[in-house]
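A.B. asks: Below is one structure. I have some questions about it.
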Amino acid sequence: MKVSVCMATYNGAEYIGQQLESILSQSRKPDQVVLCDDGSEDGTVTVIRDFIQENGLQDAWKLYLNKERKGYPGNFYHAMSLCCGDVVFLADQDDIWYREKIAHMCRVFEDQPGAAVVCCKLCLIDAEGARIHSVMAPTRETNGKQKGELRRVGIEEVFYKCEWPGMVTAYRRNWYQGWQPRGGSAVPHDFLICARAAEEGEFYQMDEVLACHRRHDGNAGGEEHRLGRLLQRERKLREILDYLEILQVFHREDVLRTGNGKAALGRKTASMQGRYEALKSGSLRQVLGNAGRHRRETRIKTLLCDVLIVLKCKFPKIHHR
């Protein structure tokens with residue numbers, strides 16, 4: 001089984017060296033590393049070139065410079081098209097991989113021939129690399145379970161949680177080539193891959209943290225500061241609108257193939273539209289009512305966040321006590 005690592009870069013000079021080092025240090029070395037830069041202006045290209053040269057990686061590691069900016073996610077789709085491995089690992093420019101990431105995830109592909117996509121779990125770090133313990137942290141290991149335990153993720157859960165960034169994701173290239181969007185897609189590459197695999201019953205989640213996801217801002221103030229950001233209504237409304245736009249792209253591009261997948265997309269779209277209107281109204285009754293109508297699509301911590309936002313707006317002095 002040959003392995004490709006795929007990374008789209010743009011103005012990532014500050015942290016990309018650490019990520020490149022974590023890929024180079026893997027216990028199972030990748031057979032190919034593809035890096036596509038989208039017109040960086042901060043020295044990212046120099047950092048990559050120097051790293052490849054200093055470590056003698058010219059044969060397996062290739063840097064491609066886009067003649068015209070492709071944007072996100074276009075740059076990633078382009079990089080993915082250049083991969084030739086049996087399994088492709090997606091990598092972001094500012095994260096850090098554990099040394100066994102490739103080895104442990106490849107073992108799943110070897111043991112599970114029906115797995116099209118495999119994701120590990122992650123931890124959060126701040127700009128300095130310190131661990132973050134966030135109230136909204138995604139995909140942590142489940143206490144009491146055996147490390148590396150597998151479970152299958154369904155399409156409803158993909159829309160329900162939306163917590164599998166590319167840096168925890170690997171996929172079989174022949175599976176992707178069978179349906180890949182010609183000319184790319186406006187749907188984020190990682191979201192699309194997970195959704196397509198999930199609706200086909202071929203998306204597997206490992207209960208093992210194998211990477212650190214770096215948060216750039218809002219970390220220095222600690223957990224209280226992050227919680228304060230979570231409770232900003234205008235910020236939350238913008239986030240909901242952004243997510244709704246992605247869901248609308250799913251509809252416009254008609255990228256899901258199964259009835260189950262399309263039905264799950266429809267339910268999630270209705271849920272998010274209702275959530276936006278309820279939160280915008282500032283009515284606690286509407287927030288609770290929308291959650292009740294869309295129980296399957298509403299996370300408890302998301303509902304709690306919305307309730308606290310409404311209460312904070314109604315009773316602003318409570319927040320400052």
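Note on naming: chains are A, B, ... as they come in the structure tokens, residues start from 1 per chain, ligands start from 1 in the order shown.
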Report as JSON lines the residues of region 88-187 of chain A within 9 Å of region 191-202 of chain A, each with its shortest atom pair and distance in Å (one decimal), using only C-alpha atoms, ordered by chain and increasing residue number.

C.D. replies:
```
{"residue": "A:Gly114", "atom": "CA", "partner": "A:Glu202", "partner_atom": "CA", "distance": 6.1}
{"residue": "A:Ala115", "atom": "CA", "partner": "A:Glu202", "partner_atom": "CA", "distance": 4.8}
{"residue": "A:Ala116", "atom": "CA", "partner": "A:Glu202", "partner_atom": "CA", "distance": 5.2}
{"residue": "A:Val117", "atom": "CA", "partner": "A:Ala197", "partner_atom": "CA", "distance": 6.2}
{"residue": "A:Val118", "atom": "CA", "partner": "A:Glu202", "partner_atom": "CA", "distance": 8.6}
{"residue": "A:Cys119", "atom": "CA", "partner": "A:Cys194", "partner_atom": "CA", "distance": 8.9}
{"residue": "A:Arg152", "atom": "CA", "partner": "A:Gly201", "partner_atom": "CA", "distance": 7.2}
{"residue": "A:Val153", "atom": "CA", "partner": "A:Ala198", "partner_atom": "CA", "distance": 6.0}
{"residue": "A:Gly154", "atom": "CA", "partner": "A:Ala198", "partner_atom": "CA", "distance": 4.9}
{"residue": "A:Ile155", "atom": "CA", "partner": "A:Ala198", "partner_atom": "CA", "distance": 4.7}
{"residue": "A:Glu156", "atom": "CA", "partner": "A:Ala198", "partner_atom": "CA", "distance": 8.4}
{"residue": "A:Glu157", "atom": "CA", "partner": "A:Ala198", "partner_atom": "CA", "distance": 8.6}
{"residue": "A:Val158", "atom": "CA", "partner": "A:Ala195", "partner_atom": "CA", "distance": 6.3}
{"residue": "A:Phe159", "atom": "CA", "partner": "A:Ala195", "partner_atom": "CA", "distance": 7.9}
{"residue": "A:Cys162", "atom": "CA", "partner": "A:Phe191", "partner_atom": "CA", "distance": 7.4}
{"residue": "A:Glu163", "atom": "CA", "partner": "A:Phe191", "partner_atom": "CA", "distance": 8.9}
{"residue": "A:Trp164", "atom": "CA", "partner": "A:Phe191", "partner_atom": "CA", "distance": 7.4}
{"residue": "A:Pro165", "atom": "CA", "partner": "A:Phe191", "partner_atom": "CA", "distance": 7.4}
{"residue": "A:Gly166", "atom": "CA", "partner": "A:Phe191", "partner_atom": "CA", "distance": 8.0}
{"residue": "A:Thr169", "atom": "CA", "partner": "A:Cys194", "partner_atom": "CA", "distance": 8.3}
{"residue": "A:Tyr171", "atom": "CA", "partner": "A:Ile193", "partner_atom": "CA", "distance": 8.0}
{"residue": "A:Tyr176", "atom": "CA", "partner": "A:Ile193", "partner_atom": "CA", "distance": 7.9}
{"residue": "A:Ser185", "atom": "CA", "partner": "A:Leu192", "partner_atom": "CA", "distance": 8.8}
{"residue": "A:Val187", "atom": "CA", "partner": "A:Leu192", "partner_atom": "CA", "distance": 6.2}
```

A.B. asks: Which residues are near region 52-64 of chain A? Cut-off 8 Å, only C-alpha atoms, ignore same chain within fewer than 4 positions. Put them as a list in words.

C.D. replies: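 The residues satisfying every condition are Asp31, Gln32, Val33, Val34, Leu35, Cys36, Asp37 and Ile48 of chain A.
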
A.B. asks: Using only C-alpha atoms, can you tell me which of A:Cys106, A:Ser271, A:Gly39, A:Arg238 comes closest to Gly71 (chain A)?

C.D. replies: A:Gly39

A.B. asks: Find, counting only C-alpha atoms, the residue in A:Arg296, A:Arg214, A:Arg252, A:Arg235 that gets nearest to Ala264 (chain A).

C.D. replies: A:Arg296

A.B. asks: Just list as a ChimeraX atom specification whatever in region 114-283 of chain A DSSP marks as strand (DSSP E or B).

C.D. replies: /A:117-125,131-132,150-152,169-172,203-214

A.B. asks: Nearest to Ile300 (chain A): which of A:Ile132, A:Ala263, A:Cys84, A:Leu288 is it, counting only C-alpha atoms?

C.D. replies: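 Of all the options, A:Leu288 lies closest to Ile300 (chain A).
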